[in-house]
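K.L.:
Below you'll find protein.pdb; it's PDB, C-alpha atoms.
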```pdb
ATOM      1  CA  MET Q   1      -7.950 -24.609  -5.871
ATOM      2  CA  ARG Q   2      -6.921 -22.904  -9.104
ATOM      3  CA  ASP Q   3      -6.477 -19.156  -9.382
ATOM      4  CA  THR Q   4      -9.955 -17.786  -8.734
ATOM      5  CA  VAL Q   5     -11.651 -14.480  -9.474
ATOM      6  CA  PHE Q   6     -14.663 -13.566  -7.351
ATOM      7  CA  VAL Q   7     -17.112 -11.134  -8.928
ATOM      8  CA  PHE Q   8     -18.973  -9.307  -6.166
ATOM      9  CA  ALA Q   9     -22.570  -8.460  -7.058
ATOM     10  CA  ARG Q  10     -25.870  -7.574  -5.502
ATOM     11  CA  ALA Q  11     -28.905  -9.512  -6.720
ATOM     12  CA  PRO Q  12     -30.484  -7.515  -9.567
ATOM     13  CA  ARG Q  13     -33.695  -6.278  -7.966
ATOM     14  CA  LEU Q  14     -35.458  -3.012  -8.716
ATOM     15  CA  GLY Q  15     -34.728  -0.394  -6.081
ATOM     16  CA  THR Q  16     -31.919  -2.340  -4.383
ATOM     17  CA  VAL Q  17     -29.021  -2.007  -6.823
ATOM     18  CA  LYS Q  18     -26.877   1.013  -7.680
ATOM     19  CA  ARG Q  19     -28.887   3.334  -5.429
ATOM     20  CA  ARG Q  20     -26.546   6.331  -5.847
ATOM     21  CA  LEU Q  21     -26.706   5.856  -9.620
ATOM     22  CA  ALA Q  22     -30.500   5.492  -9.440
ATOM     23  CA  ARG Q  23     -30.807   8.930  -7.818
ATOM     24  CA  GLY Q  24     -29.505  10.400 -11.070
ATOM     25  CA  ILE Q  25     -31.008   8.119 -13.713
ATOM     26  CA  GLY Q  26     -33.911   6.303 -12.022
ATOM     27  CA  ASP Q  27     -34.325   2.836 -10.552
ATOM     28  CA  ARG Q  28     -35.140   1.062 -13.835
ATOM     29  CA  ALA Q  29     -32.156   2.513 -15.695
ATOM     30  CA  ALA Q  30     -29.853   1.689 -12.766
ATOM     31  CA  LEU Q  31     -31.138  -1.893 -12.728
ATOM     32  CA  GLN Q  32     -30.639  -2.151 -16.486
ATOM     33  CA  PHE Q  33     -27.050  -0.865 -16.149
ATOM     34  CA  HIS Q  34     -26.360  -3.328 -13.311
ATOM     35  CA  ARG Q  35     -27.718  -6.320 -15.226
ATOM     36  CA  ALA Q  36     -25.915  -5.460 -18.456
ATOM     37  CA  THR Q  37     -22.564  -4.737 -16.828
ATOM     38  CA  LEU Q  38     -22.700  -7.817 -14.600
ATOM     39  CA  ALA Q  39     -23.615 -10.042 -17.562
ATOM     40  CA  ARG Q  40     -20.765  -8.645 -19.683
ATOM     41  CA  VAL Q  41     -18.179  -8.959 -16.888
ATOM     42  CA  LEU Q  42     -19.221 -12.542 -16.083
ATOM     43  CA  ARG Q  43     -19.295 -13.557 -19.752
ATOM     44  CA  ASP Q  44     -15.828 -12.084 -20.403
ATOM     45  CA  LEU Q  45     -14.217 -13.575 -17.299
ATOM     46  CA  ALA Q  46     -15.889 -16.998 -17.572
ATOM     47  CA  ALA Q  47     -14.623 -17.371 -21.146
ATOM     48  CA  ASP Q  48     -11.026 -17.134 -19.945
ATOM     49  CA  ARG Q  49      -9.586 -20.514 -18.900
ATOM     50  CA  ARG Q  50      -6.562 -19.109 -17.052
ATOM     51  CA  PHE Q  51      -8.665 -18.816 -13.887
ATOM     52  CA  VAL Q  52     -11.945 -19.920 -12.344
ATOM     53  CA  THR Q  53     -14.765 -17.359 -12.154
ATOM     54  CA  VAL Q  54     -17.068 -17.369  -9.107
ATOM     55  CA  LEU Q  55     -20.011 -15.053  -8.496
ATOM     56  CA  ALA Q  56     -20.181 -13.836  -4.876
ATOM     57  CA  VAL Q  57     -23.732 -12.623  -4.223
ATOM     58  CA  THR Q  58     -25.683 -10.661  -1.693
ATOM     59  CA  PRO Q  59     -28.207 -11.344  -0.301
ATOM     60  CA  ASP Q  60     -26.728 -14.746   0.345
ATOM     61  CA  ARG Q  61     -29.588 -16.858  -1.018
ATOM     62  CA  ALA Q  62     -30.123 -14.780  -4.158
ATOM     63  CA  ARG Q  63     -30.401 -16.460  -7.520
ATOM     64  CA  ILE Q  64     -28.721 -14.704 -10.415
ATOM     65  CA  ALA Q  65     -28.485 -15.708 -14.068
ATOM     66  CA  ARG Q  66     -24.906 -16.496 -14.943
ATOM     67  CA  PRO Q  67     -22.846 -18.148 -17.670
ATOM     68  CA  ARG Q  68     -22.443 -21.880 -17.580
ATOM     69  CA  GLY Q  69     -19.672 -23.049 -15.274
ATOM     70  CA  VAL Q  70     -19.770 -19.985 -13.011
ATOM     71  CA  ARG Q  71     -20.311 -21.107  -9.427
ATOM     72  CA  VAL Q  72     -22.192 -18.936  -6.909
ATOM     73  CA  VAL Q  73     -21.124 -18.368  -3.308
ATOM     74  CA  PRO Q  74     -22.687 -16.116  -0.678
ATOM     75  CA  GLN Q  75     -20.807 -12.985   0.369
ATOM     76  CA  GLY Q  76     -21.928 -13.486   3.970
ATOM     77  CA  HIS Q  77     -22.257 -10.886   6.682
ATOM     78  CA  GLY Q  78     -20.071  -7.938   7.641
ATOM     79  CA  ASP Q  79     -18.722  -4.849   5.926
ATOM     80  CA  LEU Q  80     -17.141  -4.965   2.490
ATOM     81  CA  GLY Q  81     -13.722  -5.753   3.957
ATOM     82  CA  ALA Q  82     -15.012  -8.742   5.926
ATOM     83  CA  ARG Q  83     -16.860 -10.077   2.886
ATOM     84  CA  MET Q  84     -13.837  -9.659   0.583
ATOM     85  CA  HIS Q  85     -11.508 -11.220   3.160
ATOM     86  CA  ARG Q  86     -13.809 -14.235   3.381
ATOM     87  CA  ALA Q  87     -13.923 -14.655  -0.408
ATOM     88  CA  LEU Q  88     -10.172 -14.222  -0.824
ATOM     89  CA  GLY Q  89      -9.616 -16.901   1.807
ATOM     90  CA  ARG Q  90     -11.364 -19.476  -0.377
ATOM     91  CA  ALA Q  91      -8.379 -19.794  -2.740
ATOM     92  CA  ARG Q  92      -4.596 -19.727  -2.402
ATOM     93  CA  ARG Q  93      -4.382 -16.979  -5.056
ATOM     94  CA  ALA Q  94      -7.535 -14.974  -5.529
ATOM     95  CA  VAL Q  95      -8.887 -11.796  -7.079
ATOM     96  CA  VAL Q  96     -12.008  -9.840  -6.116
ATOM     97  CA  VAL Q  97     -13.614  -7.434  -8.584
ATOM     98  CA  GLY Q  98     -16.842  -5.495  -8.548
ATOM     99  CA  SER Q  99     -19.602  -5.749 -11.087
ATOM    100  CA  ASP Q 100     -19.767  -2.010 -11.885
ATOM    101  CA  ILE Q 101     -16.557  -1.526 -13.865
ATOM    102  CA  PRO Q 102     -17.362  -1.281 -17.583
ATOM    103  CA  GLY Q 103     -13.659  -1.155 -18.510
ATOM    104  CA  LEU Q 104     -12.765  -4.417 -16.733
ATOM    105  CA  ARG Q 105     -11.394  -7.148 -18.994
ATOM    106  CA  ALA Q 106     -10.149 -10.697 -18.444
ATOM    107  CA  ALA Q 107      -6.665  -9.446 -19.341
ATOM    108  CA  ASP Q 108      -6.760  -7.246 -16.203
ATOM    109  CA  VAL Q 109      -7.443 -10.265 -13.997
ATOM    110  CA  ALA Q 110      -4.695 -12.242 -15.734
ATOM    111  CA  ALA Q 111      -2.299  -9.319 -15.155
ATOM    112  CA  ALA Q 112      -3.178  -9.334 -11.445
ATOM    113  CA  PHE Q 113      -2.384 -13.040 -11.161
ATOM    114  CA  ARG Q 114       0.921 -12.480 -12.996
ATOM    115  CA  ALA Q 115       1.761  -9.687 -10.542
ATOM    116  CA  LEU Q 116       1.217 -12.098  -7.641
ATOM    117  CA  GLY Q 117       4.253 -14.008  -8.915
ATOM    118  CA  ARG Q 118       6.466 -11.141  -7.713
ATOM    119  CA  THR Q 119       4.328  -9.304  -5.122
ATOM    120  CA  ARG Q 120       2.109 -10.077  -2.129
ATOM    121  CA  ALA Q 121      -0.876  -8.103  -3.406
ATOM    122  CA  CYS Q 122      -2.154  -6.280  -6.448
ATOM    123  CA  PHE Q 123      -4.720  -3.491  -6.684
ATOM    124  CA  GLY Q 124      -6.600  -1.875  -9.529
ATOM    125  CA  PRO Q 125      -6.920   1.789  -8.516
ATOM    126  CA  ALA Q 126     -10.198   3.563  -9.227
ATOM    127  CA  GLU Q 127     -10.358   7.203 -10.249
ATOM    128  CA  ASP Q 128     -12.314   8.039  -7.086
ATOM    129  CA  GLY Q 129      -9.579   6.871  -4.661
ATOM    130  CA  GLY Q 130     -10.954   3.390  -4.164
ATOM    131  CA  TYR Q 131     -10.096   0.273  -6.105
ATOM    132  CA  TRP Q 132     -11.837  -1.977  -8.584
ATOM    133  CA  LEU Q 133      -9.641  -5.066  -8.057
ATOM    134  CA  VAL Q 134      -7.748  -6.633  -5.189
ATOM    135  CA  ALA Q 135      -5.576  -9.721  -5.633
ATOM    136  CA  LEU Q 136      -3.876 -11.604  -2.819
ATOM    137  CA  GLY Q 137      -1.407 -14.452  -2.830
ATOM    138  CA  PRO Q 138      -0.876 -16.943  -0.011
ATOM    139  CA  LEU Q 139       1.265 -14.621   2.152
ATOM    140  CA  ARG Q 140      -1.144 -11.910   3.264
ATOM    141  CA  PRO Q 141      -1.695  -9.727   6.291
ATOM    142  CA  ALA Q 142      -4.032 -11.132   8.937
ATOM    143  CA  ARG Q 143      -6.316  -8.104   8.601
ATOM    144  CA  PRO Q 144      -5.834  -6.709   5.074
ATOM    145  CA  PHE Q 145      -8.909  -4.467   5.223
ATOM    146  CA  ALA Q 146      -8.741  -3.177   8.812
ATOM    147  CA  GLY Q 147      -9.612   0.479   9.257
ATOM    148  CA  VAL Q 148     -10.610   1.092   5.649
ATOM    149  CA  ARG Q 149     -13.008   3.970   5.035
ATOM    150  CA  TRP Q 150     -15.173   2.292   2.409
ATOM    151  CA  SER Q 151     -16.921   4.314  -0.292
ATOM    152  CA  SER Q 152     -14.500   7.180   0.203
ATOM    153  CA  GLU Q 153     -11.509   8.676  -1.584
ATOM    154  CA  HIS Q 154      -9.354   7.088   1.156
ATOM    155  CA  ALA Q 155     -10.196   3.421   0.540
ATOM    156  CA  LEU Q 156      -7.069   2.513  -1.450
ATOM    157  CA  ALA Q 157      -4.697   4.518   0.761
ATOM    158  CA  ASP Q 158      -6.222   2.987   3.908
ATOM    159  CA  THR Q 159      -5.856  -0.527   2.487
ATOM    160  CA  LEU Q 160      -2.271   0.049   1.343
ATOM    161  CA  ARG Q 161      -1.356   1.015   4.927
ATOM    162  CA  ASN Q 162      -2.248  -2.551   5.911
ATOM    163  CA  PHE Q 163       0.350  -3.761   3.408
ATOM    164  CA  ALA Q 164       3.214  -1.564   4.673
ATOM    165  CA  GLY Q 165       6.563  -3.295   4.163
ATOM    166  CA  ARG Q 166       5.085  -5.745   1.652
ATOM    167  CA  ARG Q 167       5.567  -5.610  -2.081
ATOM    168  CA  VAL Q 168       2.396  -4.458  -3.864
ATOM    169  CA  ALA Q 169       1.608  -3.942  -7.560
ATOM    170  CA  LEU Q 170      -0.849  -1.506  -9.102
ATOM    171  CA  LEU Q 171      -2.728  -2.084 -12.332
ATOM    172  CA  ARG Q 172      -4.199   0.558 -14.618
ATOM    173  CA  THR Q 173      -6.644   3.071 -13.183
ATOM    174  CA  LEU Q 174     -10.283   2.516 -14.140
ATOM    175  CA  ARG Q 175     -13.557   4.161 -13.273
ATOM    176  CA  ASP Q 176     -16.281   2.325 -11.418
ATOM    177  CA  VAL Q 177     -19.827   3.577 -11.877
ATOM    178  CA  ASP Q 178     -21.284   4.821  -8.614
ATOM    179  CA  ASN Q 179     -23.413   7.730  -9.835
ATOM    180  CA  ALA Q 180     -24.731   9.487 -12.956
ATOM    181  CA  VAL Q 181     -21.529  11.534 -13.364
ATOM    182  CA  ASP Q 182     -19.496   8.302 -13.506
ATOM    183  CA  LEU Q 183     -21.901   6.790 -16.033
ATOM    184  CA  THR Q 184     -21.604   9.827 -18.285
ATOM    185  CA  ALA Q 185     -17.807   9.665 -18.037
ATOM    186  CA  VAL Q 186     -17.631   6.062 -19.209
TER     187      VAL Q 186
END
```
What does the file become when written as structure tokens?
P.N.:
Amino acid sequence: MRDTVFVFARAPRLGTVKRRLARGIGDRAALQFHRATLARVLRDLAADRRFVTVLAVTPDRARIARPRGVRVVPQGHGDLGARMHRALGRARRAVVVGSDIPGLRAADVAAAFRALGRTRACFGPAEDGGYWLVALGPLRPARPFAGVRWSSEHALADTLRNFAGRRVALLRTLRDVDNAVDLTAV
């Protein structure tokens, strides 16, 4: 399979998306942000022919509007690490990104794939200590996301521990939108 980017997204349903953001701006505004950002990310990535764009959804049977040519796969069960590991295993060289990063561009994904030519993994650090992108080549740890404290300022550091002794690249730092403060900042 060609280089593949998986965009992780929750089905856009009122009251189920961006719940921390919704506490600050309301359910309808959070849903509107989610839909708009997901649509822009998918449109931008799908237009780039250097890689294949796949939408990884939860819940698994959800139907989501998407650009032509974008395939949908279920995220499946488990924590975020298990779901990302499953998606990354679908392609020899793969990238996973979230759908809540307004600054994400196709050039970032292309840069991650270029980095895989000289490293085993590539991460896009987030301002909050997590990451907005993970890219893995064919030589990867058996458990790349073991022991990660998700949704915390330790997520990137925890993940990098699983890559000790392996060459890793970092992309530019971006801000994902988890709450109203993040939204105001972007």
K.L.:
Here is a test: counting all atoms listed in the file, which residue of Q:Arg93, Q:His34, Q:Arg83, Q:Arg175 is nearest to Arg140 (chain Q)?
P.N.:
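With all atoms listed in the file as the atom set, the closest residue is Q:Arg93.
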K.L.:
Which residues match the PyMOL selection byres ((chain Q and resi 104-110) around 10) in the file above, as a PyMOL selection string?
P.N.:
chain Q and resi 3-5+37+40-51+94-103+111-115+124+132-135+171-172+174-176
K.L.:
Determine the residue set returned by the PyMOL selection byres ((chain Q and resi 120) around 9) for the present structure, and present it as a VMD selection string.
P.N.:
chain Q and resid 115 to 119 121 to 122 135 to 140 163 166 to 169
K.L.:
What is the distance between CA of Ala146 (chain Q) and CA of Ala82 (chain Q), in Å to one decimal?
P.N.:
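CA of Ala82 (chain Q) lies 8.9 Å from CA of Ala146 (chain Q).
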K.L.:
When the PyMOL selection byres ((chain Q and resi 84) around 10) is applied to the file above, which residues end up in the set, as a PDB file with C-alpha atoms, in the coordinates of the input?
P.N.:
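The new file out04.pdb reads:
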```
ATOM      1  CA  PHE Q   6     -14.663 -13.566  -7.351  1.00  0.00           C
ATOM      2  CA  PHE Q   8     -18.973  -9.307  -6.166  1.00  0.00           C
ATOM      3  CA  ALA Q  56     -20.181 -13.836  -4.876  1.00  0.00           C
ATOM      4  CA  GLN Q  75     -20.807 -12.985   0.369  1.00  0.00           C
ATOM      5  CA  GLY Q  76     -21.928 -13.486   3.970  1.00  0.00           C
ATOM      6  CA  GLY Q  78     -20.071  -7.938   7.641  1.00  0.00           C
ATOM      7  CA  ASP Q  79     -18.722  -4.849   5.926  1.00  0.00           C
ATOM      8  CA  LEU Q  80     -17.141  -4.965   2.490  1.00  0.00           C
ATOM      9  CA  GLY Q  81     -13.722  -5.753   3.957  1.00  0.00           C
ATOM     10  CA  ALA Q  82     -15.012  -8.742   5.926  1.00  0.00           C
ATOM     11  CA  ARG Q  83     -16.860 -10.077   2.886  1.00  0.00           C
ATOM     12  CA  HIS Q  85     -11.508 -11.220   3.160  1.00  0.00           C
ATOM     13  CA  ARG Q  86     -13.809 -14.235   3.381  1.00  0.00           C
ATOM     14  CA  ALA Q  87     -13.923 -14.655  -0.408  1.00  0.00           C
ATOM     15  CA  LEU Q  88     -10.172 -14.222  -0.824  1.00  0.00           C
ATOM     16  CA  GLY Q  89      -9.616 -16.901   1.807  1.00  0.00           C
ATOM     17  CA  VAL Q  95      -8.887 -11.796  -7.079  1.00  0.00           C
ATOM     18  CA  VAL Q  96     -12.008  -9.840  -6.116  1.00  0.00           C
ATOM     19  CA  VAL Q  97     -13.614  -7.434  -8.584  1.00  0.00           C
ATOM     20  CA  VAL Q 134      -7.748  -6.633  -5.189  1.00  0.00           C
ATOM     21  CA  PRO Q 144      -5.834  -6.709   5.074  1.00  0.00           C
ATOM     22  CA  PHE Q 145      -8.909  -4.467   5.223  1.00  0.00           C
TER      23      PHE Q 145
END
```
K.L.:
What separation in Å, quoted to one decimal, exists between CA of Arg19 (chain Q) and CA of Leu170 (chain Q)?
P.N.:
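That distance, rounded to one decimal, is 28.7 Å.
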K.L.:
Separation of CA of Pro12 (chain Q) and CA of Ile25 (chain Q), in Å?
P.N.:
16.2 Å
K.L.:
Determine, counting all atoms listed in the file, which protein, DNA and RNA residues have an atom within 10 Å of an atom of Arg35 (chain Q); residues of the same chain fewer than 2 positions away are not included. Present the result as a PDB file with C-alpha atoms, in the frame of the given file.
P.N.:
```
ATOM      1  CA  ALA Q   9     -22.570  -8.460  -7.058  1.00  0.00           C
ATOM      2  CA  ARG Q  10     -25.870  -7.574  -5.502  1.00  0.00           C
ATOM      3  CA  ALA Q  11     -28.905  -9.512  -6.720  1.00  0.00           C
ATOM      4  CA  PRO Q  12     -30.484  -7.515  -9.567  1.00  0.00           C
ATOM      5  CA  ARG Q  13     -33.695  -6.278  -7.966  1.00  0.00           C
ATOM      6  CA  VAL Q  17     -29.021  -2.007  -6.823  1.00  0.00           C
ATOM      7  CA  ALA Q  29     -32.156   2.513 -15.695  1.00  0.00           C
ATOM      8  CA  ALA Q  30     -29.853   1.689 -12.766  1.00  0.00           C
ATOM      9  CA  LEU Q  31     -31.138  -1.893 -12.728  1.00  0.00           C
ATOM     10  CA  GLN Q  32     -30.639  -2.151 -16.486  1.00  0.00           C
ATOM     11  CA  PHE Q  33     -27.050  -0.865 -16.149  1.00  0.00           C
ATOM     12  CA  THR Q  37     -22.564  -4.737 -16.828  1.00  0.00           C
ATOM     13  CA  LEU Q  38     -22.700  -7.817 -14.600  1.00  0.00           C
ATOM     14  CA  ALA Q  39     -23.615 -10.042 -17.562  1.00  0.00           C
ATOM     15  CA  ARG Q  40     -20.765  -8.645 -19.683  1.00  0.00           C
ATOM     16  CA  ILE Q  64     -28.721 -14.704 -10.415  1.00  0.00           C
ATOM     17  CA  ALA Q  65     -28.485 -15.708 -14.068  1.00  0.00           C
ATOM     18  CA  SER Q  99     -19.602  -5.749 -11.087  1.00  0.00           C
ATOM     19  CA  ASP Q 100     -19.767  -2.010 -11.885  1.00  0.00           C
TER      20      ASP Q 100
END
```
K.L.:
List the spatial neighbours of Thr159 (chain Q) as a list in words - criterion: any atom at most 6 Å away, only C-alpha atoms, same-chain residues fewer than 3 positions off excluded.
P.N.:
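Listing them by chain and then by number gives Phe145, Val148, Leu156 and Asn162 of chain Q.
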K.L.:
My list of candidates is Q:Ala155, Q:Ala22, Q:Arg71, Q:Leu160. Which is closest to Val54 (chain Q) when distances are computed with all atoms listed in the file?
P.N.:
Q:Arg71
K.L.:
Considering all atoms listed in the file, can you say which of Q:Asp60, Q:Pro67, Q:Leu21, Q:Pro141 comes closest to Asp182 (chain Q)?
P.N.:
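Using all atoms listed in the file, Asp182 (chain Q) sits closest to Q:Leu21.
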